[in-house]
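Shown next: target14.cif, given as mmCIF, C-alpha atoms and all ligand atoms.
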data_run
#
loop_
_atom_site.group_PDB
_atom_site.id
_atom_site.type_symbol
_atom_site.label_atom_id
_atom_site.label_comp_id
_atom_site.auth_asym_id
_atom_site.auth_seq_id
_atom_site.Cartn_x
_atom_site.Cartn_y
_atom_site.Cartn_z
ATOM 1 C CA MET A 727 83.737 104.557 102.156
ATOM 2 C CA SER A 728 85.971 105.942 99.471
ATOM 3 C CA ALA A 729 87.660 109.226 100.217
ATOM 4 C CA ASN A 730 86.915 110.308 96.684
ATOM 5 C CA PRO A 731 84.002 112.777 96.741
ATOM 6 C CA ASP A 732 82.739 111.375 93.457
ATOM 7 C CA PRO A 733 83.499 107.674 93.502
ATOM 8 C CA ALA A 734 82.284 107.200 89.951
ATOM 9 C CA GLY A 735 84.209 110.215 88.767
ATOM 10 C CA PRO A 736 87.355 110.261 86.685
ATOM 11 C CA LEU A 737 90.878 110.013 88.007
ATOM 12 C CA PRO A 738 93.803 111.792 86.374
ATOM 13 C CA GLY A 739 94.478 110.059 83.088
ATOM 14 C CA GLY A 740 90.965 108.753 82.591
ATOM 15 C CA GLY A 741 90.697 106.021 85.237
ATOM 16 C CA ARG A 742 87.555 105.641 87.322
ATOM 17 C CA ALA A 743 87.896 105.851 91.094
ATOM 18 C CA ASP A 744 85.117 103.336 91.734
ATOM 19 C CA LEU A 745 86.993 100.741 89.705
ATOM 20 C CA ARG A 746 89.962 100.798 92.045
ATOM 21 C CA ALA A 747 90.140 98.780 95.226
ATOM 22 C CA ASP A 748 89.149 100.704 98.333
ATOM 23 C CA CYS A 749 90.231 98.213 100.978
ATOM 24 C CA ALA A 750 89.065 100.412 103.853
ATOM 25 C CA SER A 751 85.489 100.001 102.614
ATOM 26 C CA CYS A 752 85.703 96.257 102.057
ATOM 27 C CA PHE A 753 85.241 93.349 104.430
ATOM 28 C CA ALA A 754 88.472 91.761 103.191
ATOM 29 C CA LEU A 755 86.612 89.499 100.807
ATOM 30 C CA CYS A 756 89.740 88.663 98.830
ATOM 31 C CA CYS A 757 91.371 87.443 102.056
ATOM 32 C CA VAL A 758 88.529 85.006 102.634
ATOM 33 C CA VAL A 759 86.784 83.919 99.446
ATOM 34 C CA PRO A 760 89.544 82.396 97.256
ATOM 35 C CA ALA A 761 91.284 79.099 97.912
ATOM 36 C CA PHE A 762 95.058 78.966 97.573
ATOM 37 C CA ALA A 763 97.567 76.187 97.358
ATOM 38 C CA ALA A 764 100.928 77.024 98.901
ATOM 39 C CA SER A 765 103.274 78.441 96.285
ATOM 40 C CA ALA A 766 105.803 81.183 95.675
ATOM 41 C CA ASP A 767 102.883 83.629 95.601
ATOM 42 C CA PHE A 768 101.097 82.536 98.745
ATOM 43 C CA ALA A 769 102.959 80.793 101.540
ATOM 44 C CA ILE A 770 100.207 78.557 102.880
ATOM 45 C CA ASP A 771 97.286 76.415 101.829
ATOM 46 C CA LYS A 772 93.971 78.127 102.374
ATOM 47 C CA ARG A 773 90.517 76.747 101.727
ATOM 48 C CA ALA A 774 87.881 78.799 99.958
ATOM 49 C CA TRP A 775 85.721 80.830 102.356
ATOM 50 C CA GLN A 776 88.279 80.388 105.117
ATOM 51 C CA ALA A 777 89.710 83.618 106.468
ATOM 52 C CA CYS A 778 93.447 83.909 105.990
ATOM 53 C CA PRO A 779 95.107 83.422 109.379
ATOM 54 C CA ASN A 780 96.831 86.767 108.889
ATOM 55 C CA LEU A 781 93.520 88.592 108.707
ATOM 56 C CA ARG A 782 92.747 90.634 111.797
ATOM 57 C CA GLN A 783 89.320 91.154 113.331
ATOM 58 C CA ASP A 784 89.189 94.659 111.881
ATOM 59 C CA PHE A 785 89.601 93.252 108.334
ATOM 60 C CA ARG A 786 93.183 94.484 108.106
ATOM 61 C CA CYS A 787 96.125 92.335 107.186
ATOM 62 C CA GLY A 788 98.367 91.581 110.121
ATOM 63 C CA VAL A 789 101.460 91.236 107.940
ATOM 64 C CA HIS A 790 100.870 93.849 105.268
ATOM 65 C CA ARG A 791 104.240 95.495 105.897
ATOM 66 C CA ASP A 792 106.072 92.240 105.325
ATOM 67 C CA LEU A 793 103.982 90.453 102.728
ATOM 68 C CA ARG A 794 106.879 89.682 100.417
ATOM 69 C CA GLN A 795 109.268 88.736 103.190
ATOM 70 C CA LYS A 796 106.708 86.406 104.714
ATOM 71 C CA GLY A 797 105.957 84.656 101.441
ATOM 72 C CA PHE A 798 102.806 86.424 100.271
ATOM 73 C CA PRO A 799 104.012 88.477 97.289
ATOM 74 C CA GLY A 800 100.890 87.584 95.366
ATOM 75 C CA CYS A 801 98.888 89.628 97.840
ATOM 76 C CA THR A 802 100.637 92.783 96.669
ATOM 77 C CA VAL A 803 99.446 92.556 93.087
ATOM 78 C CA TYR A 804 95.817 91.504 93.255
ATOM 79 C CA ASP A 805 93.173 94.001 92.214
ATOM 80 C CA CYS A 806 89.437 93.541 92.679
ATOM 81 C CA PHE A 807 88.653 96.550 90.456
ATOM 82 C CA GLY A 808 86.496 97.952 93.246
ATOM 83 C CA ALA A 809 84.300 94.869 93.521
ATOM 84 C CA GLY A 810 85.095 94.379 97.208
ATOM 85 C CA GLN A 811 83.714 97.707 98.337
ATOM 86 C CA LYS A 812 80.733 97.390 95.988
ATOM 87 C CA VAL A 813 79.716 94.062 97.509
ATOM 88 C CA SER A 814 80.407 95.232 101.058
ATOM 89 C CA GLN A 815 78.810 98.651 100.947
ATOM 90 C CA VAL A 816 76.224 98.475 98.183
ATOM 91 C CA THR A 817 75.071 94.893 97.693
ATOM 92 C CA PHE A 818 75.130 94.122 101.414
ATOM 93 C CA HIS A 819 74.621 97.670 102.693
ATOM 94 C CA GLY A 820 77.623 97.672 105.030
ATOM 95 C CA ARG A 821 76.672 94.511 106.944
ATOM 96 C CA ASP A 822 79.808 92.452 107.352
ATOM 97 C CA TRP A 823 80.096 88.695 107.408
ATOM 98 C CA ARG A 824 81.502 88.608 110.932
ATOM 99 C CA ARG A 825 78.687 90.522 112.606
ATOM 100 C CA ALA A 826 76.042 89.107 110.288
ATOM 101 C CA PRO A 827 77.282 85.561 109.631
ATOM 102 C CA GLU A 828 73.982 84.615 108.019
ATOM 103 C CA THR A 829 75.016 86.798 105.074
ATOM 104 C CA ALA A 830 78.436 85.190 104.667
ATOM 105 C CA LYS A 831 77.579 82.439 102.201
ATOM 106 C CA ARG A 832 75.669 84.726 99.883
ATOM 107 C CA MET A 833 78.292 87.459 100.135
ATOM 108 C CA PHE A 834 81.100 85.039 99.327
ATOM 109 C CA ASP A 835 79.149 83.730 96.341
ATOM 110 C CA VAL A 836 78.539 87.236 95.047
ATOM 111 C CA PHE A 837 82.114 88.513 95.282
ATOM 112 C CA PRO A 838 83.618 86.577 92.322
ATOM 113 C CA VAL A 839 80.645 87.572 90.164
ATOM 114 C CA MET A 840 81.056 91.217 91.077
ATOM 115 C CA ARG A 841 84.782 91.057 90.444
ATOM 116 C CA HIS A 842 84.149 89.808 86.915
ATOM 117 C CA LEU A 843 81.659 92.599 86.317
ATOM 118 C CA HIS A 844 83.953 95.305 87.672
ATOM 119 C CA GLU A 845 86.854 94.037 85.620
ATOM 120 C CA LEU A 846 84.659 94.313 82.538
ATOM 121 C CA LEU A 847 83.640 97.832 83.549
ATOM 122 C CA TYR A 848 87.311 98.749 83.794
ATOM 123 C CA TYR A 849 88.024 97.537 80.282
ATOM 124 C CA LEU A 850 84.880 99.040 78.807
ATOM 125 C CA ALA A 851 85.677 102.410 80.370
ATOM 126 C CA GLU A 852 89.130 102.242 78.828
ATOM 127 C CA ALA A 853 87.789 101.276 75.416
ATOM 128 C CA LEU A 854 85.624 104.382 75.531
ATOM 129 C CA THR A 855 88.750 106.508 75.811
ATOM 130 C CA LEU A 856 90.025 105.174 72.465
ATOM 131 C CA GLU A 857 89.364 107.799 69.837
ATOM 132 C CA ALA A 858 89.846 105.298 67.021
ATOM 133 C CA ALA A 859 87.076 103.163 68.494
ATOM 134 C CA ARG A 860 84.566 105.980 68.115
ATOM 135 C CA PRO A 861 82.507 104.048 65.517
ATOM 136 C CA ILE A 862 81.569 101.558 68.218
ATOM 137 C CA HIS A 863 81.380 103.931 71.189
ATOM 138 C CA GLY A 864 77.602 103.598 71.164
ATOM 139 C CA GLU A 865 77.819 99.829 71.547
ATOM 140 C CA LEU A 866 80.479 100.202 74.211
ATOM 141 C CA ARG A 867 78.331 102.658 76.155
ATOM 142 C CA ASP A 868 75.349 100.310 75.951
ATOM 143 C CA LEU A 869 77.335 97.380 77.282
ATOM 144 C CA LEU A 870 78.884 99.515 79.991
ATOM 145 C CA ALA A 871 75.437 100.681 81.082
ATOM 146 C CA GLU A 872 74.171 97.108 81.078
ATOM 147 C CA THR A 873 77.158 95.956 83.105
ATOM 148 C CA GLU A 874 76.644 98.816 85.569
ATOM 149 C CA ARG A 875 73.007 97.802 85.887
ATOM 150 C CA LEU A 876 73.989 94.220 86.636
ATOM 151 C CA THR A 877 76.305 95.301 89.449
ATOM 152 C CA GLY A 878 73.317 96.872 91.168
ATOM 153 C CA GLU A 879 71.269 93.690 91.147
ATOM 154 C CA PRO A 880 70.420 92.053 94.489
ATOM 155 C CA PRO A 881 72.526 89.112 95.678
ATOM 156 C CA GLU A 882 70.035 86.463 94.602
ATOM 157 C CA SER A 883 70.127 87.768 91.021
ATOM 158 C CA LEU A 884 73.885 88.189 90.934
ATOM 159 C CA VAL A 885 74.580 84.594 91.885
ATOM 160 C CA GLU A 886 72.304 83.409 89.077
ATOM 161 C CA LEU A 887 73.954 85.616 86.471
ATOM 162 C CA ASP A 888 75.553 83.950 83.446
ATOM 163 C CA VAL A 889 78.800 85.874 83.769
ATOM 164 C CA ALA A 890 80.576 83.845 81.113
ATOM 165 C CA ALA A 891 78.009 84.791 78.485
ATOM 166 C CA HIS A 892 78.142 88.449 79.433
ATOM 167 C CA ARG A 893 81.917 88.365 79.443
ATOM 168 C CA GLN A 894 81.937 86.856 75.969
ATOM 169 C CA ASN A 895 79.816 89.711 74.634
ATOM 170 C CA VAL A 896 82.048 92.307 76.247
ATOM 171 C CA ASN A 897 85.227 90.609 75.089
ATOM 172 C CA ALA A 898 84.068 90.608 71.488
ATOM 173 C CA LEU A 899 83.516 94.349 71.624
ATOM 174 C CA LEU A 900 86.783 95.013 73.432
ATOM 175 C CA LEU A 901 88.568 93.072 70.741
ATOM 176 C CA ARG A 902 86.965 95.202 68.036
ATOM 177 C CA ALA A 903 87.852 98.385 69.889
ATOM 178 C CA GLY A 904 91.439 97.232 70.230
ATOM 179 C CA GLU A 905 91.681 96.351 66.557
ATOM 180 C CA LEU A 906 90.350 99.763 65.567
ATOM 181 C CA ALA A 907 92.889 101.438 67.827
ATOM 182 C CA ARG A 908 95.790 99.432 66.405
ATOM 183 C CA ALA A 909 94.661 99.414 62.791
ATOM 184 C CA GLY A 910 97.108 102.063 61.652
ATOM 185 C CA ILE A 911 100.193 100.309 62.976
ATOM 186 C CA ARG A 912 101.996 98.474 60.221
ATOM 187 C CA GLY A 913 103.650 95.128 60.749
ATOM 188 C CA ARG A 914 102.181 94.627 64.190
ATOM 189 C CA GLN A 915 102.837 91.215 65.622
ATOM 190 C CA ASP A 916 100.285 88.759 66.925
ATOM 191 C CA HIS A 917 101.298 86.897 70.083
ATOM 192 C CA ARG A 918 97.861 86.250 71.513
ATOM 193 C CA GLY A 919 98.096 83.606 74.203
ATOM 194 C CA ALA A 920 101.732 82.963 73.322
ATOM 195 C CA ASP A 921 104.140 81.327 75.716
ATOM 196 C CA LEU A 922 106.800 84.011 76.094
ATOM 197 C CA ILE A 923 107.934 82.966 79.525
ATOM 198 C CA GLY A 924 111.472 84.194 80.062
ATOM 199 C CA ALA A 925 111.708 85.325 76.432
ATOM 200 C CA ASP A 926 114.462 87.711 75.435
ATOM 201 C CA LEU A 927 112.498 90.601 74.005
ATOM 202 C CA ARG A 928 114.983 93.351 74.758
ATOM 203 C CA GLY A 929 114.360 96.349 72.554
ATOM 204 C CA ALA A 930 111.686 94.472 70.590
ATOM 205 C CA ASP A 931 109.352 96.429 68.372
ATOM 206 C CA LEU A 932 106.036 95.321 69.821
ATOM 207 C CA ARG A 933 104.123 98.441 68.916
ATOM 208 C CA GLY A 934 100.489 97.535 68.484
ATOM 209 C CA ALA A 935 101.250 93.868 69.094
ATOM 210 C CA GLY A 936 98.480 91.520 70.088
ATOM 211 C CA LEU A 937 99.584 90.181 73.456
ATOM 212 C CA ARG A 938 96.169 89.185 74.775
ATOM 213 C CA GLY A 939 96.580 86.474 77.357
ATOM 214 C CA ALA A 940 100.272 86.086 76.536
ATOM 215 C CA TYR A 941 102.524 84.546 79.155
ATOM 216 C CA LEU A 942 105.191 87.168 79.722
ATOM 217 C CA ILE A 943 106.337 85.766 83.048
ATOM 218 C CA GLY A 944 109.967 86.749 83.566
ATOM 219 C CA ALA A 945 110.250 88.019 79.980
ATOM 220 C CA ASP A 946 113.056 90.471 79.345
ATOM 221 C CA LEU A 947 111.284 93.459 77.839
ATOM 222 C CA ARG A 948 113.894 96.051 78.635
ATOM 223 C CA GLY A 949 113.639 98.925 76.220
ATOM 224 C CA ALA A 950 110.819 97.225 74.292
ATOM 225 C CA ASP A 951 108.370 99.374 72.382
ATOM 226 C CA LEU A 952 104.955 98.311 73.642
ATOM 227 C CA ARG A 953 103.056 101.396 72.602
ATOM 228 C CA MET A 954 99.466 100.528 71.713
ATOM 229 C CA ALA A 955 100.085 96.841 72.401
ATOM 230 C CA ASP A 956 96.955 94.957 73.487
ATOM 231 C CA LEU A 957 97.871 93.471 76.854
ATOM 232 C CA ILE A 958 94.511 92.323 78.125
ATOM 233 C CA GLY A 959 94.987 89.362 80.418
ATOM 234 C CA ALA A 960 98.737 89.102 79.762
ATOM 235 C CA ASP A 961 100.648 87.558 82.633
ATOM 236 C CA THR A 962 103.428 90.007 83.433
ATOM 237 C CA ARG A 963 104.727 88.523 86.651
ATOM 238 C CA ASN A 964 108.397 89.425 87.029
ATOM 239 C CA ALA A 965 108.577 90.701 83.472
ATOM 240 C CA ASP A 966 111.422 93.175 83.143
ATOM 241 C CA LEU A 967 109.918 96.399 81.864
ATOM 242 C CA ARG A 968 112.822 98.685 82.589
ATOM 243 C CA GLY A 969 113.075 101.320 79.926
ATOM 244 C CA ALA A 970 110.059 99.878 78.085
ATOM 245 C CA ASP A 971 107.529 102.213 76.512
ATOM 246 C CA LEU A 972 103.953 101.323 77.456
ATOM 247 C CA THR A 973 102.454 104.601 76.325
ATOM 248 C CA GLY A 974 98.963 103.945 75.049
ATOM 249 C CA ALA A 975 99.154 100.224 75.844
ATOM 250 C CA LEU A 976 95.630 98.834 75.640
ATOM 251 C CA TYR A 977 93.822 97.254 78.562
ATOM 252 C CA LEU A 978 96.867 97.380 80.790
ATOM 253 C CA THR A 979 96.014 97.196 84.496
ATOM 254 C CA GLN A 980 97.726 98.439 87.619
ATOM 255 C CA SER A 981 97.950 94.849 88.776
ATOM 256 C CA GLN A 982 99.972 93.894 85.690
ATOM 257 C CA LEU A 983 102.417 96.696 86.431
ATOM 258 C CA ASP A 984 102.613 95.811 90.112
ATOM 259 C CA ALA A 985 103.525 92.248 89.174
ATOM 260 C CA ALA A 986 106.362 93.364 86.911
ATOM 261 C CA ASN A 987 109.648 95.175 87.417
ATOM 262 C CA GLY A 988 110.414 98.551 85.931
ATOM 263 C CA ASP A 989 112.397 101.663 86.556
ATOM 264 C CA ALA A 990 112.320 105.427 86.144
ATOM 265 C CA ALA A 991 112.716 105.060 82.393
ATOM 266 C CA THR A 992 109.610 102.884 81.959
ATOM 267 C CA ARG A 993 106.917 104.928 80.264
ATOM 268 C CA LEU A 994 103.329 104.342 81.381
ATOM 269 C CA PRO A 995 99.823 105.309 80.314
ATOM 270 C CA PRO A 996 98.712 108.353 82.342
ATOM 271 C CA SER A 997 95.863 106.489 84.063
ATOM 272 C CA LEU A 998 98.292 104.124 85.810
ATOM 273 C CA THR A 999 100.843 104.804 88.505
ATOM 274 C CA ARG A 1000 104.427 103.707 88.888
ATOM 275 C CA PRO A 1001 104.503 100.837 91.409
ATOM 276 C CA PRO A 1002 106.177 101.814 94.671
ATOM 277 C CA HIS A 1003 108.641 98.943 94.424
ATOM 278 C CA TRP A 1004 110.124 100.237 91.160
ATOM 279 C CA PRO A 1005 113.320 102.213 91.690
ATOM 280 C CA ASP A 1006 113.301 105.947 90.970
ATOM 281 C CA THR A 1007 116.474 105.495 89.014
ATOM 282 C CA THR A 1008 117.291 104.220 85.563
ATOM 283 C CA SER A 1009 118.975 100.844 85.710
ATOM 284 C CA GLU A 1010 122.355 100.055 84.287
ATOM 285 C CA PRO A 1011 122.063 98.728 80.743
ATOM 286 C CA GLY A 1012 122.362 94.965 80.850
ATOM 287 C CA ALA A 1013 121.583 94.679 84.542
ATOM 288 C CA ARG A 1014 118.676 92.292 84.695
ATOM 289 C CA ALA A 1015 116.245 92.612 87.579
ATOM 290 C CA LYS A 1016 116.203 89.630 89.872
ATOM 291 C CA PRO A 1017 112.758 88.040 89.715
ATOM 292 C CA GLY A 1018 110.624 88.949 92.679
ATOM 293 C CA THR A 1019 113.239 90.994 94.448
ATOM 294 C CA ALA A 1020 112.522 94.480 93.230
ATOM 295 C CA ALA A 1021 109.637 95.162 95.546
ATOM 296 C CA LYS A 1022 110.052 96.872 98.870
ATOM 297 C CA PRO A 1023 108.102 94.865 101.389
ATOM 298 C CA GLY A 1024 105.119 96.805 102.648
ATOM 299 C CA ALA A 1025 105.708 99.661 100.277
ATOM 300 C CA GLN A 1026 102.178 99.447 98.923
ATOM 301 C CA GLY A 1027 100.607 100.311 102.253
ATOM 302 C CA LYS A 1028 96.870 99.890 102.433
ATOM 303 C CA ARG A 1029 96.619 98.672 98.893
ATOM 304 C CA SER A 1030 98.585 95.576 99.779
ATOM 305 C CA ARG A 1031 96.335 94.736 102.692
ATOM 306 C CA ALA A 1032 93.698 93.076 100.611
ATOM 307 C CA ALA A 1033 95.744 92.173 97.611
ATOM 308 C CA LYS A 1034 95.881 88.609 96.457
ATOM 309 C CA PRO A 1035 97.598 86.509 93.806
ATOM 310 C CA GLY A 1036 96.000 87.791 90.666
ATOM 311 C CA ARG A 1037 96.379 84.848 88.358
ATOM 312 C CA ARG A 1038 96.253 81.834 90.537
ATOM 313 C CA ALA A 1039 94.091 78.935 89.569
ATOM 314 C CA LYS A 1040 91.690 78.897 92.492
ATOM 315 C CA ARG A 1041 90.539 82.473 92.655
HETATM 316 S S1 LIG A 1101 96.579 90.407 102.366
HETATM 317 FE FE1 LIG A 1101 97.203 88.275 102.024
HETATM 318 S S2 LIG A 1101 98.366 87.686 103.861
HETATM 319 FE FE2 LIG A 1101 97.210 89.540 104.362
HETATM 320 S S3 LIG A 1101 95.300 88.797 105.310
HETATM 321 FE FE3 LIG A 1101 94.887 89.105 103.135
HETATM 322 S S4 LIG A 1101 95.271 87.088 102.216
HETATM 323 FE FE4 LIG A 1101 96.237 87.077 104.205
#
Write the structure described by the file as structure tokens, please.
Ligand code: SF4
Amino acid sequence: MSANPDPAGPLPGGGRADLRADCASCFALCCVVPAFAASADFAIDKRAWQACPNLRQDFRCGVHRDLRQKGFPGCTVYDCFGAGQKVSQVTFHGRDWRRAPETAKRMFDVFPVMRHLHELLYYLAEALTLEAARPIHGELRDLLAETERLTGEPPESLVELDVAAHRQNVNALLLRAGELARAGIRGRQDHRGADLIGADLRGADLRGAGLRGAYLIGADLRGADLRMADLIGADTRNADLRGADLTGALYLTQSQLDAANGDAATRLPPSLTRPPHWPDTTSEPGARAKPGTAAKPGAQGKRSRAAKPGRRAKR
């Protein structure tokens, strides 16, 4: 179980401990449930519900120290938002799919549903920290409570849940909360869903920008001002965030940071932590990070054990 004495309690900066992966309390569901096609993120083909060949009997990753070197960098950035331990310890009361194989099918069906719900809890909890969204805090609290209630449903109810409909309701409210928070920022740009792959956005004024679902893969965001930018669902793989200011960025996740490159000068919201693979130094101006090479293999320790490509098609 989580080492945190109050798993639903706050973390420094406003994060919730129960919405962070606790791999030691999970039966490695993210190493089993998703299917993967071999790619730069995941070195081999793997069928859904097939345990990764690197998974040990004790639910630990046999290559976690060398994930990047061995071709599994995607495993270092995945985040289940605490869904893995919820399914393992709460929904299935600590009975694992190896010792109780009759539970495997149901457990594997439940995990993606729970991940959706926990991701929504993460965003709702963040929206409730936005002072400017106070006019809709009541609605946010109601939806958070409803989402919490759903996570406690038994497996047979969870697999029947219309997650898409619930997600739509939550998304609408998150959008409103984000707009309230960014309302005072003049001239903010709208790049929702935009293809900004490899874009040169050095020093760009993206304060309060709408970057929901934007493709920022490999984008050069060095020194960019991303304060209060809405980054929900943005794909930040190998984005260069060195010297960028992400203070107050909305709906930013640890996984998005882990997938990007930054340095000591990158400014982060207090609820998130500087990825271990980012250097402690400030980079030379003009020195562009090499995509995918900034991470120290194994530097993420336990966290990397159960991590998985976060934005791959077959999750
Ligand atoms: S972390 Fe990745 S490589 Fe390791 S067992 Fe899990 S899926 Fe396999």
Can you pull out every residue with an atom within 9 Å of ligand LIG 1101 (chain A)? Use all atoms listed in the file and format it as a PyMOL selection string.
chain A and resi 754-758+760+768-769+777-782+785-790+793+796-802+1029-1035
Expanded to explicit residues, what is the PyMOL selection byres (((chain A and resi 843-847) around 9) and not hetatm) for this file, as a list in words?
Leu745, Cys806, Phe807, Gly808, Ala809, Pro838, Val839, Met840, Arg841, His842, Tyr848, Tyr849, Leu850, Ala851, Glu852, Leu869, Leu870, Thr873, Glu874, Leu876, Thr877, Val889, His892, Arg893, Val896 and Asn897 of chain A
Nearby residues (all atoms listed in the file) at most 6 Å from Ala965 in chain A, same-chain spacing under 2 positions excluded, as an MDAnalysis selection string:
chainID A and resid 943:945 962:963 986
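Straight-line separation from CA of Ala826 in chain A to CA of Ser751 in chain A: 16.3 Å.
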Report, in Å to a single decimal, how far apart CA of Asp961 in chain A and CA of Leu922 in chain A are.
9.7 Å
Any idea what the distance is between CA of Phe837 in chain A and CA of Val813 in chain A?
6.4 Å
Proximity to Leu856 in chain A - best of A:Pro827, A:Gly974, A:Pro1002, A:Gly910, only C-alpha atoms
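Nearest to Leu856 in chain A: A:Gly974.
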Report as a VMD selection string the full result of the PyMOL selection byres (((chain A and resi 858-861) around 9) and not hetatm) when it is applied to this structure.
chain A and resid 853 to 857 862 to 865 902 to 909
Please complete range 981-1004 of chain A so it has N, CA and C atoms, and hand it over as a PDB file, in the coordinates of the input.
ATOM      1  N   SER A 981      97.490  96.128  88.256  1.00  0.00           N
ATOM      2  CA  SER A 981      97.950  94.849  88.776  1.00  0.00           C
ATOM      3  C   SER A 981      99.062  94.259  87.901  1.00  0.00           C
ATOM      4  N   GLN A 982      98.929  94.412  86.597  1.00  0.00           N
ATOM      5  CA  GLN A 982      99.972  93.894  85.690  1.00  0.00           C
ATOM      6  C   GLN A 982     101.287  94.641  85.912  1.00  0.00           C
ATOM      7  N   LEU A 983     101.190  95.936  86.155  1.00  0.00           N
ATOM      8  CA  LEU A 983     102.417  96.696  86.431  1.00  0.00           C
ATOM      9  C   LEU A 983     103.005  96.298  87.772  1.00  0.00           C
ATOM     10  N   ASP A 984     102.132  96.162  88.774  1.00  0.00           N
ATOM     11  CA  ASP A 984     102.613  95.811  90.112  1.00  0.00           C
ATOM     12  C   ASP A 984     103.337  94.470  90.114  1.00  0.00           C
ATOM     13  N   ALA A 985     102.923  93.583  89.221  1.00  0.00           N
ATOM     14  CA  ALA A 985     103.525  92.248  89.174  1.00  0.00           C
ATOM     15  C   ALA A 985     104.860  92.231  88.441  1.00  0.00           C
ATOM     16  N   ALA A 986     105.142  93.319  87.729  1.00  0.00           N
ATOM     17  CA  ALA A 986     106.362  93.364  86.911  1.00  0.00           C
ATOM     18  C   ALA A 986     107.424  94.230  87.583  1.00  0.00           C
ATOM     19  N   ASN A 987     108.573  94.296  86.951  1.00  0.00           N
ATOM     20  CA  ASN A 987     109.648  95.175  87.417  1.00  0.00           C
ATOM     21  C   ASN A 987     109.896  96.251  86.364  1.00  0.00           C
ATOM     22  N   GLY A 988     110.138  97.456  86.852  1.00  0.00           N
ATOM     23  CA  GLY A 988     110.414  98.551  85.931  1.00  0.00           C
ATOM     24  C   GLY A 988     111.383  99.523  86.570  1.00  0.00           C
ATOM     25  N   ASP A 989     111.522 100.651  85.967  1.00  0.00           N
ATOM     26  CA  ASP A 989     112.397 101.663  86.556  1.00  0.00           C
ATOM     27  C   ASP A 989     111.910 103.053  86.141  1.00  0.00           C
ATOM     28  N   ALA A 990     112.722 104.053  86.422  1.00  0.00           N
ATOM     29  CA  ALA A 990     112.320 105.427  86.144  1.00  0.00           C
ATOM     30  C   ALA A 990     112.152 105.681  84.657  1.00  0.00           C
ATOM     31  N   ALA A 991     112.781 104.852  83.843  1.00  0.00           N
ATOM     32  CA  ALA A 991     112.716 105.060  82.393  1.00  0.00           C
ATOM     33  C   ALA A 991     111.520 104.368  81.749  1.00  0.00           C
ATOM     34  N   THR A 992     110.789 103.567  82.512  1.00  0.00           N
ATOM     35  CA  THR A 992     109.610 102.884  81.959  1.00  0.00           C
ATOM     36  C   THR A 992     108.504 103.916  81.752  1.00  0.00           C
ATOM     37  N   ARG A 993     107.967 103.945  80.564  1.00  0.00           N
ATOM     38  CA  ARG A 993     106.917 104.928  80.264  1.00  0.00           C
ATOM     39  C   ARG A 993     105.547 104.263  80.355  1.00  0.00           C
ATOM     40  N   LEU A 994     104.628 104.936  81.064  1.00  0.00           N
ATOM     41  CA  LEU A 994     103.329 104.342  81.381  1.00  0.00           C
ATOM     42  C   LEU A 994     102.181 105.168  80.826  1.00  0.00           C
ATOM     43  N   PRO A 995     101.025 104.529  80.631  1.00  0.00           N
ATOM     44  CA  PRO A 995      99.823 105.309  80.314  1.00  0.00           C
ATOM     45  C   PRO A 995      99.501 106.223  81.503  1.00  0.00           C
ATOM     46  N   PRO A 996      98.934 107.394  81.252  1.00  0.00           N
ATOM     47  CA  PRO A 996      98.712 108.353  82.342  1.00  0.00           C
ATOM     48  C   PRO A 996      97.721 107.890  83.401  1.00  0.00           C
ATOM     49  N   SER A 997      96.860 106.924  83.080  1.00  0.00           N
ATOM     50  CA  SER A 997      95.863 106.489  84.063  1.00  0.00           C
ATOM     51  C   SER A 997      96.447 105.532  85.097  1.00  0.00           C
ATOM     52  N   LEU A 998      97.682 105.083  84.890  1.00  0.00           N
ATOM     53  CA  LEU A 998      98.292 104.124  85.810  1.00  0.00           C
ATOM     54  C   LEU A 998      99.453 104.773  86.547  1.00  0.00           C
ATOM     55  N   THR A 999      99.780 104.215  87.687  1.00  0.00           N
ATOM     56  CA  THR A 999     100.843 104.804  88.505  1.00  0.00           C
ATOM     57  C   THR A 999     102.043 103.870  88.587  1.00  0.00           C
ATOM     58  N   ARG A1000     103.190 104.470  88.778  1.00  0.00           N
ATOM     59  CA  ARG A1000     104.427 103.707  88.888  1.00  0.00           C
ATOM     60  C   ARG A1000     104.393 102.923  90.201  1.00  0.00           C
ATOM     61  N   PRO A1001     104.547 101.613  90.162  1.00  0.00           N
ATOM     62  CA  PRO A1001     104.503 100.837  91.409  1.00  0.00           C
ATOM     63  C   PRO A1001     105.570 101.309  92.398  1.00  0.00           C
ATOM     64  N   PRO A1002     105.225 101.326  93.668  1.00  0.00           N
ATOM     65  CA  PRO A1002     106.177 101.814  94.671  1.00  0.00           C
ATOM     66  C   PRO A1002     107.468 101.017  94.718  1.00  0.00           C
ATOM     67  N   HIS A1003     107.425  99.754  94.310  1.00  0.00           N
ATOM     68  CA  HIS A1003     108.641  98.943  94.424  1.00  0.00           C
ATOM     69  C   HIS A1003     109.609  99.170  93.263  1.00  0.00           C
ATOM     70  N   TRP A1004     109.208  99.940  92.256  1.00  0.00           N
ATOM     71  CA  TRP A1004     110.124 100.237  91.160  1.00  0.00           C
ATOM     72  C   TRP A1004     111.095 101.319  91.602  1.00  0.00           C
TER      73      TRP A1004
END
